[in-house]
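Coordinates as given in entry.tsv (TSV, C-alpha atoms):
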```tsv
chain	number	residue	atom	x	y	z
A	1240	MET	CA	0.00	0.00	0.00
A	1241	ILE	CA	1.42	3.40	-1.01
A	1242	SER	CA	1.74	5.89	1.85
A	1243	MET	CA	0.68	9.53	1.65
A	1244	ARG	CA	4.33	10.58	1.88
A	1245	SER	CA	5.19	8.40	-1.13
A	1246	MET	CA	2.31	9.91	-3.10
A	1247	GLU	CA	3.54	13.41	-2.30
A	1248	LEU	CA	7.04	12.44	-3.40
A	1249	VAL	CA	5.71	11.11	-6.71
A	1250	LYS	CA	3.75	14.33	-7.25
A	1251	SER	CA	6.85	16.42	-6.50
A	1252	ILE	CA	8.98	14.46	-8.97
A	1253	ALA	CA	6.28	14.77	-11.63
A	1254	TRP	CA	6.06	18.53	-11.06
A	1255	VAL	CA	9.83	19.00	-11.32
A	1256	SER	CA	9.86	16.89	-14.51
A	1257	LEU	CA	7.13	19.06	-16.00
A	1258	LEU	CA	9.03	22.25	-15.18
A	1259	THR	CA	12.19	20.80	-16.70
A	1260	PHE	CA	10.30	19.87	-19.88
A	1261	ILE	CA	8.84	23.38	-20.14
A	1262	TRP	CA	12.31	24.87	-19.59
A	1263	LEU	CA	13.75	22.79	-22.41
A	1264	LEU	CA	10.79	23.44	-24.69
A	1265	THR	CA	11.03	27.21	-24.35
A	1266	GLY	CA	14.80	27.27	-24.74
A	1267	ALA	CA	16.40	28.56	-21.54
A	1268	HIS	CA	13.34	30.13	-19.93
A	1269	GLY	CA	11.97	31.52	-23.18
A	1270	TYR	CA	15.02	33.64	-23.97
A	1271	GLY	CA	14.75	32.59	-27.62
A	1272	GLY	CA	16.87	31.06	-30.35
A	1273	TRP	CA	20.02	32.06	-32.16
A	1274	GLU	CA	20.25	35.48	-33.83
A	1275	SER	CA	22.86	36.95	-36.16
A	1276	ALA	CA	25.29	39.72	-35.22
A	1277	HIS	CA	28.97	40.66	-35.50
A	1278	ALA	CA	31.72	40.85	-32.90
A	1279	THR	CA	34.93	42.79	-32.42
A	1280	PHE	CA	37.17	43.03	-29.34
A	1281	TYR	CA	38.77	45.61	-27.06
A	1282	GLY	CA	40.51	46.01	-23.72
A	1283	GLY	CA	43.82	44.25	-24.30
A	1284	SER	CA	44.95	40.68	-23.70
A	1285	ASP	CA	44.23	40.96	-19.95
A	1286	ALA	CA	40.94	42.86	-20.49
A	1287	SER	CA	42.22	45.68	-18.25
A	1288	GLY	CA	40.81	48.18	-20.74
A	1289	THR	CA	37.28	46.91	-20.12
A	1290	MET	CA	37.16	48.13	-16.49
A	1291	GLY	CA	34.65	50.81	-15.58
A	1292	GLY	CA	32.15	51.24	-18.38
A	1293	ALA	CA	28.61	52.42	-18.89
A	1294	CYS	CA	27.02	49.86	-16.57
A	1295	GLY	CA	28.85	51.22	-13.54
A	1296	TYR	CA	30.33	47.91	-12.44
A	1297	GLY	CA	33.83	49.33	-11.95
A	1298	ASN	CA	36.44	46.59	-11.47
A	1299	LEU	CA	35.04	43.63	-13.36
A	1300	TYR	CA	37.55	41.27	-11.74
A	1301	SER	CA	36.52	42.04	-8.15
A	1302	GLN	CA	32.84	42.13	-9.11
A	1303	GLY	CA	33.10	38.56	-10.35
A	1304	TYR	CA	32.47	39.17	-14.05
A	1305	GLY	CA	36.06	38.44	-15.06
A	1306	THR	CA	37.08	38.68	-18.71
A	1307	ASN	CA	34.00	37.08	-20.32
A	1308	THR	CA	32.30	40.41	-20.91
A	1309	ALA	CA	31.11	42.56	-23.80
A	1310	ALA	CA	30.03	46.07	-24.70
A	1311	LEU	CA	26.66	46.16	-26.51
A	1312	SER	CA	25.62	48.30	-29.45
A	1313	THR	CA	22.71	50.74	-29.14
A	1314	ALA	CA	20.28	48.16	-30.56
A	1315	LEU	CA	21.08	45.78	-27.69
A	1316	PHE	CA	22.06	48.09	-24.82
A	1317	ASN	CA	18.52	49.35	-24.16
A	1318	ASP	CA	19.80	52.56	-22.55
A	1319	GLY	CA	21.54	50.51	-19.85
A	1320	LEU	CA	18.68	48.20	-18.92
A	1321	SER	CA	20.52	45.31	-20.58
A	1322	CYS	CA	23.46	45.63	-18.20
A	1323	GLY	CA	24.06	42.31	-16.47
A	1324	SER	CA	22.33	40.16	-19.09
A	1325	CYS	CA	24.15	37.11	-20.42
A	1326	TYR	CA	24.66	35.95	-23.99
A	1327	GLN	CA	26.00	32.73	-25.40
A	1328	MET	CA	27.74	33.21	-28.72
A	1329	LYS	CA	29.65	31.35	-31.37
A	1330	CYS	CA	31.55	32.37	-34.47
A	1331	ASN	CA	29.51	31.75	-37.61
A	1332	ASN	CA	30.37	30.81	-41.17
A	1333	ASP	CA	33.86	32.30	-41.43
A	1334	PRO	CA	36.24	29.31	-41.75
A	1335	GLN	CA	39.30	31.55	-41.99
A	1336	TRP	CA	38.83	33.13	-38.56
A	1337	CYS	CA	36.25	31.09	-36.62
A	1338	LEU	CA	37.13	28.68	-33.82
A	1339	PRO	CA	34.80	25.88	-32.66
A	1340	GLY	CA	32.82	26.14	-29.46
A	1341	THR	CA	30.88	28.84	-27.63
A	1342	VAL	CA	31.48	31.46	-24.97
A	1343	THR	CA	29.03	33.11	-22.57
A	1344	VAL	CA	29.55	36.79	-21.81
A	1345	THR	CA	27.94	39.36	-19.53
A	1346	ALA	CA	26.90	42.79	-20.81
A	1347	THR	CA	29.02	45.27	-18.84
A	1348	ASN	CA	29.50	48.24	-21.18
A	1349	PHE	CA	28.13	50.26	-24.10
A	1350	CYS	CA	29.62	50.33	-27.60
A	1351	PRO	CA	28.66	53.83	-28.82
A	1352	PRO	CA	27.67	54.74	-32.39
A	1353	ASN	CA	30.42	55.87	-34.76
A	1354	SER	CA	32.95	53.58	-33.10
A	1355	ASN	CA	34.42	50.31	-34.39
A	1356	GLY	CA	34.04	51.47	-37.98
A	1357	GLY	CA	30.31	52.06	-37.55
A	1358	TRP	CA	29.52	48.49	-36.51
A	1359	CYS	CA	27.84	49.74	-33.33
A	1360	ASN	CA	25.55	52.16	-35.17
A	1361	PRO	CA	21.78	51.55	-34.97
A	1362	PRO	CA	20.15	49.29	-35.95
A	1363	LEU	CA	23.12	46.89	-36.02
A	1364	GLN	CA	23.36	44.22	-33.35
A	1365	HIS	CA	27.00	44.14	-32.33
A	1366	PHE	CA	29.17	42.89	-29.45
A	1367	ASP	CA	32.51	44.51	-28.71
A	1368	MET	CA	33.93	41.68	-26.63
A	1369	ALA	CA	36.75	41.64	-24.11
A	1370	GLU	CA	39.74	40.31	-26.03
A	1371	PRO	CA	40.11	37.07	-24.00
A	1372	ALA	CA	36.45	36.24	-24.64
A	1373	PHE	CA	36.74	36.98	-28.36
A	1374	GLN	CA	39.73	34.67	-28.67
A	1375	GLN	CA	37.68	31.78	-27.34
A	1376	ILE	CA	35.58	31.80	-30.52
A	1377	ALA	CA	37.75	33.50	-33.15
A	1378	ILE	CA	41.34	34.14	-34.16
A	1379	TYR	CA	42.79	37.49	-33.08
A	1380	LYS	CA	43.73	38.55	-36.62
A	1381	GLY	CA	40.12	38.18	-37.72
A	1382	GLY	CA	39.36	41.51	-36.08
A	1383	ILE	CA	35.63	41.35	-36.80
A	1384	VAL	CA	33.65	38.15	-37.30
A	1385	PRO	CA	30.02	37.15	-37.89
A	1386	ILE	CA	28.48	35.44	-34.87
A	1387	LEU	CA	25.30	33.77	-33.67
A	1388	TYR	CA	24.12	34.74	-30.19
A	1389	ARG	CA	21.26	34.04	-27.79
A	1390	ARG	CA	20.20	35.16	-24.33
A	1391	VAL	CA	20.90	32.61	-21.61
A	1392	PRO	CA	20.45	32.58	-17.83
A	1393	CYS	CA	23.33	34.08	-15.85
A	1394	LEU	CA	25.04	31.73	-13.40
A	1395	ARG	CA	26.46	33.59	-10.39
A	1396	LYS	CA	28.28	32.59	-7.21
A	1397	GLY	CA	26.84	33.98	-4.00
A	1398	GLY	CA	24.01	36.44	-3.61
A	1399	ILE	CA	23.07	39.73	-5.25
A	1400	ARG	CA	25.41	42.48	-4.08
A	1401	PHE	CA	24.40	46.00	-3.09
A	1402	THR	CA	27.05	48.72	-2.94
A	1403	ILE	CA	25.73	51.83	-1.21
A	1404	ASN	CA	27.21	55.10	-2.42
A	1405	GLY	CA	26.09	58.73	-2.27
A	1406	HIS	CA	25.22	60.65	0.88
A	1407	SER	CA	22.26	61.44	3.14
A	1408	TYR	CA	19.08	61.98	1.10
A	1409	PHE	CA	20.86	60.57	-1.97
A	1410	ASN	CA	21.38	56.82	-1.71
A	1411	LEU	CA	22.98	55.52	-4.92
A	1412	VAL	CA	22.99	51.72	-4.89
A	1413	LEU	CA	24.99	49.72	-7.42
A	1414	ILE	CA	23.45	46.27	-7.94
A	1415	THR	CA	25.74	43.49	-9.17
A	1416	ASN	CA	26.09	39.71	-9.35
A	1417	VAL	CA	22.47	39.11	-10.36
A	1418	GLY	CA	21.67	35.58	-11.53
A	1419	GLY	CA	18.89	34.39	-13.83
A	1420	ALA	CA	17.99	37.05	-16.38
A	1421	GLY	CA	20.74	39.22	-14.91
A	1422	ASP	CA	19.37	42.59	-16.05
A	1423	VAL	CA	17.60	44.53	-13.30
A	1424	HIS	CA	14.49	46.46	-14.37
A	1425	ALA	CA	13.01	47.56	-11.04
A	1426	VAL	CA	14.25	48.02	-7.47
A	1427	SER	CA	12.56	48.97	-4.20
A	1428	ILE	CA	14.20	49.81	-0.90
A	1429	LYS	CA	12.88	49.60	2.66
A	1430	GLY	CA	14.37	51.03	5.82
A	1431	SER	CA	13.56	49.48	9.19
A	1432	ARG	CA	11.38	52.54	9.89
A	1433	THR	CA	9.83	52.92	6.43
A	1434	GLY	CA	7.66	51.01	4.02
A	1435	TRP	CA	8.77	49.85	0.58
A	1436	GLN	CA	9.81	52.70	-1.71
A	1437	PRO	CA	10.54	52.39	-5.45
A	1438	MET	CA	14.01	53.45	-6.56
A	1439	SER	CA	14.76	55.18	-9.86
A	1440	ARG	CA	17.55	54.11	-12.16
A	1441	ASN	CA	20.24	56.77	-12.30
A	1442	TRP	CA	22.60	55.20	-14.85
A	1443	GLY	CA	23.75	51.70	-15.75
A	1444	GLN	CA	22.76	49.56	-12.79
A	1445	ASN	CA	22.98	52.36	-10.23
A	1446	TRP	CA	19.64	52.91	-8.52
A	1447	GLN	CA	18.80	55.90	-6.35
A	1448	SER	CA	16.57	56.84	-3.45
A	1449	ASN	CA	16.23	60.37	-2.09
A	1450	SER	CA	14.92	59.26	1.30
A	1451	TYR	CA	16.83	59.67	4.56
A	1452	LEU	CA	17.70	56.12	5.52
A	1453	ASN	CA	20.73	56.60	7.76
A	1454	GLY	CA	20.69	54.50	10.93
A	1455	GLN	CA	18.16	52.02	9.54
A	1456	SER	CA	18.66	48.45	8.38
A	1457	LEU	CA	17.97	48.20	4.65
A	1458	SER	CA	16.01	45.65	2.63
A	1459	PHE	CA	15.76	45.42	-1.16
A	1460	GLN	CA	13.38	44.04	-3.76
A	1461	VAL	CA	15.06	43.37	-7.12
A	1462	THR	CA	13.03	42.56	-10.25
A	1463	THR	CA	14.73	41.31	-13.41
A	1464	SER	CA	13.51	41.54	-17.01
A	1465	ASP	CA	11.78	38.14	-16.81
A	1466	GLY	CA	9.51	39.44	-14.03
A	1467	ARG	CA	11.16	37.53	-11.19
A	1468	THR	CA	11.46	39.42	-7.92
A	1469	VAL	CA	13.96	38.59	-5.19
A	1470	VAL	CA	13.59	40.09	-1.72
A	1471	SER	CA	16.64	40.51	0.50
A	1472	TYR	CA	15.60	41.47	4.02
A	1473	ASN	CA	17.83	43.52	6.34
A	1474	VAL	CA	20.84	43.17	4.04
A	1475	ALA	CA	22.53	46.27	5.45
A	1476	PRO	CA	22.62	46.54	9.27
A	1477	LEU	CA	21.66	49.64	11.26
A	1478	ASN	CA	25.25	50.93	11.26
A	1479	TRP	CA	25.90	50.65	7.50
A	1480	GLN	CA	28.18	53.25	5.94
A	1481	PHE	CA	28.39	54.74	2.46
A	1482	GLY	CA	30.90	52.86	0.31
A	1483	GLN	CA	30.09	49.46	1.83
A	1484	THR	CA	28.86	46.40	-0.09
A	1485	PHE	CA	26.35	43.88	1.26
A	1486	GLU	CA	25.24	40.52	-0.09
A	1487	GLY	CA	21.62	39.47	-0.28
A	1488	SER	CA	19.57	36.63	-1.72
A	1489	GLN	CA	19.93	35.31	-5.28
A	1490	VAL	CA	17.51	34.85	-8.18
```
Go ahead and render the structure in this file as structure tokens.
Amino acid sequence: MISMRSMELVKSIAWVSLLTFIWLLTGAHGYGGWESAHATFYGGSDASGTMGGACGYGNLYSQGYGTNTAALSTALFNDGLSCGSCYQMKCNNDPQWCLPGTVTVTATNFCPPNSNGGWCNPPLQHFDMAEPAFQQIAIYKGGIVPILYRRVPCLRKGGIRFTINGHSYFNLVLITNVGGAGDVHAVSIKGSRTGWQPMSRNWGQNWQSNSYLNGQSLSFQVTTSDGRTVVSYNVAPLNWQFGQTFEGSQV
């Protein structure tokens, strides 16, 4: 005779199997299939020239993004909302310069129009990759190569990180290390003596609040482009200071 616990276990396994099937059917959470673009590279062999950038991440090494990064053209950058998103790419149909295999990069910068010989001009879809990432799929001398790319979930170690900059009445929070979709589209903040308050995006992935939150523990709600919301309660303690970074939950 089958026990109730066994029945619940069977139901759980069936439910997980269904979710897995849906995930496979939609292609990485519905991110879509392969699309055509071109890729160049920048930043030097150690990618030191990719630090900073229009997403506000600063030192990409210490932030955990490493050298598998790219600057996106206007058509892909979405005025900074695409910062943190991940793309799998492979060199396409150029036997002279292509290498086999794929590489997954994180969007950490903007490739402005009228740069790279006009390849980043609208409406072109273009990735200016960190040089070490580019050399995983193409030969250096190729310079520019045709690629296929697709959005994929971002895999991160640890929780979402919140770096609090600014000053009283101007809290500028840099949000990094976001898994899943990776690109943050909405943020709310809550002090221990306030309710939830929406933050506005200042630039890149820097989000601001003009409330006075000094001396309060801080909680955050982070919503990514796929609609998922992660709540990190009391991430920053009562005695937090500007310039500090705190780690919360993960997508």
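Of note, atom CA of A:Ile1403 and atom CA of A:Thr1484 are spaced 6.4 Å apart.
Pairwise distance (atom CA of A:Ser1427, atom CA of A:Gly1443) equals 16.3 Å.
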Here's a test: counting only C-alpha atoms, identify every protein, DNA and RNA residue with an atom at most 10 Å from (15.7, 40.0, 7.5) in the file's coordinate frame, and state them as number ranges by chain. A: 1431, 1456-1458, 1470-1476, 1487
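Computed from the coordinates, the atom CA of A:Leu1320 to atom CA of A:Val1344 distance equals 16.0 Å.
Candidate residues A:Gln1489, A:Thr1345, A:Asn1298, A:Asn1355 were compared for distance to A:Thr1462, and the nearest is A:Gln1489, using only C-alpha atoms.
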Identify the residues around (22.2, 39.1, -6.4) within a radius of 9 Å, measuring from all atoms listed in the file in the coordinates stated by the file, and give them as a PDB file with C-alpha atoms, in the frame of the given file.
```
ATOM      1  CA  ARG A1395      26.460  33.590 -10.390  1.00  0.00           C
ATOM      2  CA  LYS A1396      28.280  32.590  -7.210  1.00  0.00           C
ATOM      3  CA  GLY A1397      26.840  33.980  -4.000  1.00  0.00           C
ATOM      4  CA  GLY A1398      24.010  36.440  -3.610  1.00  0.00           C
ATOM      5  CA  ILE A1399      23.070  39.730  -5.250  1.00  0.00           C
ATOM      6  CA  ARG A1400      25.410  42.480  -4.080  1.00  0.00           C
ATOM      7  CA  PHE A1401      24.400  46.000  -3.090  1.00  0.00           C
ATOM      8  CA  ILE A1414      23.450  46.270  -7.940  1.00  0.00           C
ATOM      9  CA  THR A1415      25.740  43.490  -9.170  1.00  0.00           C
ATOM     10  CA  ASN A1416      26.090  39.710  -9.350  1.00  0.00           C
ATOM     11  CA  VAL A1417      22.470  39.110 -10.360  1.00  0.00           C
ATOM     12  CA  GLY A1418      21.670  35.580 -11.530  1.00  0.00           C
ATOM     13  CA  GLY A1421      20.740  39.220 -14.910  1.00  0.00           C
ATOM     14  CA  VAL A1461      15.060  43.370  -7.120  1.00  0.00           C
ATOM     15  CA  VAL A1469      13.960  38.590  -5.190  1.00  0.00           C
ATOM     16  CA  SER A1471      16.640  40.510   0.500  1.00  0.00           C
ATOM     17  CA  GLU A1486      25.240  40.520  -0.090  1.00  0.00           C
ATOM     18  CA  GLY A1487      21.620  39.470  -0.280  1.00  0.00           C
ATOM     19  CA  SER A1488      19.570  36.630  -1.720  1.00  0.00           C
ATOM     20  CA  GLN A1489      19.930  35.310  -5.280  1.00  0.00           C
ATOM     21  CA  VAL A1490      17.510  34.850  -8.180  1.00  0.00           C
TER      22      VAL A1490
END
```
Within 10 Å of stretch 1388-1394 of chain A, which residues of stretch 1324-1350 of chain A show up? Give each one with its shortest atom-to-atom distance in Å (one decimal) and the two atoms involved, counting only C-alpha atoms, rows by chain then rising residue number, as CSV.
```
residue,atom,partner,partner_atom,distance
A:Ser1324,CA,A:Cys1393,CA,7.0
A:Cys1325,CA,A:Cys1393,CA,5.5
A:Tyr1326,CA,A:Arg1390,CA,4.5
A:Gln1327,CA,A:Arg1389,CA,5.5
A:Met1328,CA,A:Tyr1388,CA,4.2
A:Lys1329,CA,A:Tyr1388,CA,6.6
A:Cys1330,CA,A:Tyr1388,CA,8.9
A:Asn1331,CA,A:Tyr1388,CA,9.6
A:Thr1341,CA,A:Tyr1388,CA,9.3
A:Val1342,CA,A:Tyr1388,CA,9.6
A:Thr1343,CA,A:Val1391,CA,8.2
A:Val1344,CA,A:Cys1393,CA,9.0
A:Thr1345,CA,A:Cys1393,CA,7.9
```
Pull C-alpha atoms from the residues just selected and write them as a compact mmCIF listing (two decimals), in the coordinates of the input.
```
# COMPACT_ATOMS: atom_id res chain seq x y z
CA SER A 1324 22.33 40.16 -19.09
CA CYS A 1325 24.15 37.11 -20.42
CA TYR A 1326 24.66 35.95 -23.99
CA GLN A 1327 26.00 32.73 -25.40
CA MET A 1328 27.74 33.21 -28.72
CA LYS A 1329 29.65 31.35 -31.37
CA CYS A 1330 31.55 32.37 -34.47
CA ASN A 1331 29.51 31.75 -37.61
CA THR A 1341 30.88 28.84 -27.63
CA VAL A 1342 31.48 31.46 -24.97
CA THR A 1343 29.03 33.11 -22.57
CA VAL A 1344 29.55 36.79 -21.81
CA THR A 1345 27.94 39.36 -19.53
```
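Compared by their closest atoms to A:Leu1338, and using only C-alpha atoms, the residues A:Gly1434, A:Pro1385, A:Pro1352, A:Gly1419 rank with A:Pro1385 nearest.
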Near stretch 1276-1282 of chain A, counting all atoms listed in the file, which residues have an atom at most 9 Å away, once you skip same-chain residues fewer than 5 positions from it, shown as a CSV table (one decimal) with C-alpha atoms, keeping the file's coordinate frame?
```
chain,number,residue,atom,x,y,z
A,1287,SER,CA,42.2,45.7,-18.2
A,1288,GLY,CA,40.8,48.2,-20.7
A,1289,THR,CA,37.3,46.9,-20.1
A,1290,MET,CA,37.2,48.1,-16.5
A,1309,ALA,CA,31.1,42.6,-23.8
A,1330,CYS,CA,31.6,32.4,-34.5
A,1355,ASN,CA,34.4,50.3,-34.4
A,1358,TRP,CA,29.5,48.5,-36.5
A,1363,LEU,CA,23.1,46.9,-36.0
A,1364,GLN,CA,23.4,44.2,-33.4
A,1365,HIS,CA,27.0,44.1,-32.3
A,1366,PHE,CA,29.2,42.9,-29.4
A,1367,ASP,CA,32.5,44.5,-28.7
A,1368,MET,CA,33.9,41.7,-26.6
A,1369,ALA,CA,36.8,41.6,-24.1
A,1370,GLU,CA,39.7,40.3,-26.0
A,1371,PRO,CA,40.1,37.1,-24.0
A,1372,ALA,CA,36.4,36.2,-24.6
A,1373,PHE,CA,36.7,37.0,-28.4
A,1374,GLN,CA,39.7,34.7,-28.7
A,1379,TYR,CA,42.8,37.5,-33.1
A,1381,GLY,CA,40.1,38.2,-37.7
A,1382,GLY,CA,39.4,41.5,-36.1
A,1383,ILE,CA,35.6,41.4,-36.8
A,1384,VAL,CA,33.6,38.2,-37.3
A,1385,PRO,CA,30.0,37.2,-37.9
A,1386,ILE,CA,28.5,35.4,-34.9
A,1387,LEU,CA,25.3,33.8,-33.7
A,1388,TYR,CA,24.1,34.7,-30.2
```
If we count all atoms listed in the file and set the cut-off at 9 Å, which residues sit around A:Phe1316, ignoring sequence neighbours fewer than 6 positions away in its own chain? Please answer as a VMD selection string. chain A and resid 1310 1322 1346 1348 to 1350
Select, from A:Pro1437, A:Gly1482, A:Gly1319, A:Pro1334, the residue with the minimum atom-to-atom distance to A:Ile1378, counting all atoms listed in the file. A:Pro1334
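Nearest residue to A:Asp1465 among A:Ala1420, A:Ala1293, A:Leu1315, A:Leu1299 is A:Ala1420, counting all atoms listed in the file.
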